[in-house]
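Okay, structure first, notes after.
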Amino acid sequence: MNTNDYKIIERIGAMLCSPEERLLKKKHLTDENKQKLLALKNIHKGKRCFIVGSAPSLNLLDLTHLNNEYTFTVNRGYMLQSKGLMHSTYHIISDKETFKDKDSCYQNLQNFSNILFCYAGMNKPEINLETYYFDYINPKNFKNEYITFCENLTSPLIMYDSVIHFGIQIAYYMGFTEIYLIGVDLDFAQNKGHAYKETAEETIRQQEHSIKMAQFMLEGIKKCGEFLTLKNVSLINASPKGIVDCIERRNFEEIFSE
């Protein structure tokens, strides 16, 4: 897809936002933010990282292994401190409901990660974290088979109804060549809920949204894997459960015994 096509899609995406989101994007997607994003290009070239979801299968893993690794956690992933993950290199929030959980968010997030990636259409609370804002588009709105992956963080990321896909695109942009997924099961029939105690809003969202969109999320992981293979980047599922068999699987413990 050429630059002009992408700009047209970006404008259409902006039109589909609420007026409040458009105002917040104008506020957050500044030239300063763009320069900050550009500075992240390939800063971890050749390294490996772990993108940590929230599925119950995380309770089967020793998350202390990750305390010396590059990690991306998402939304209320700061609750994983009680599971042995004491900090995260990067934290991504795209779900507005996360900030409604003020007590745990304000108390825990600031001590959990130093850098936050935040959807630009949200109003972030006063948390003292270095923040990078990003935008996204949903390929369902355009029905274009070529819209599968965004290589530039200053352009809208591709959204497959899961924050995990944002993590994959951000990790690639930062130069990681081994990207491991854990706690990304999408097997809601067998593994409902989260690895930590969920809020009522999370329970409702999983029932009314995630379960219905699981196949679309799975399709997104498959497309990310296909793109990354062409770029000689490995996308690997290290979760012990779940239906994500469209990419290579590896045993979590064996990764750390090599």
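By order in the structure tokens, chains are A, B, ...; within a chain, residues start at 1; ligands start at 1, following the order shown.
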Item to check | Residue set, region 3-241 of chain A restricted to alpha helix (DSSP H), as a PyMOL selection string | outcome: chain A and resi 3-15+19-28+31-38+102-104+110-112+163-173+200-205+211-230
Item to check | Who sits within 8 Å of Phe99 (chain A), only C-alpha atoms, same chain under 5 positions skipped, as a list in words | outcome: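 Once the nearby chain positions are removed, what remains is Cys105, Lys124 and Pro125 of chain A.
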Checklist entry - Contacts of Ser57 (chain A) at 8 Å or less, counting only C-alpha atoms, minus same-chain residues fewer than 3 places along, as a count of residues only? => result 9
Item to check | Near-region 85-91 of chain A list (8 Å; only C-alpha atoms; drop same-chain fewer than 4 positions) as a count of residues only | outcome: 20
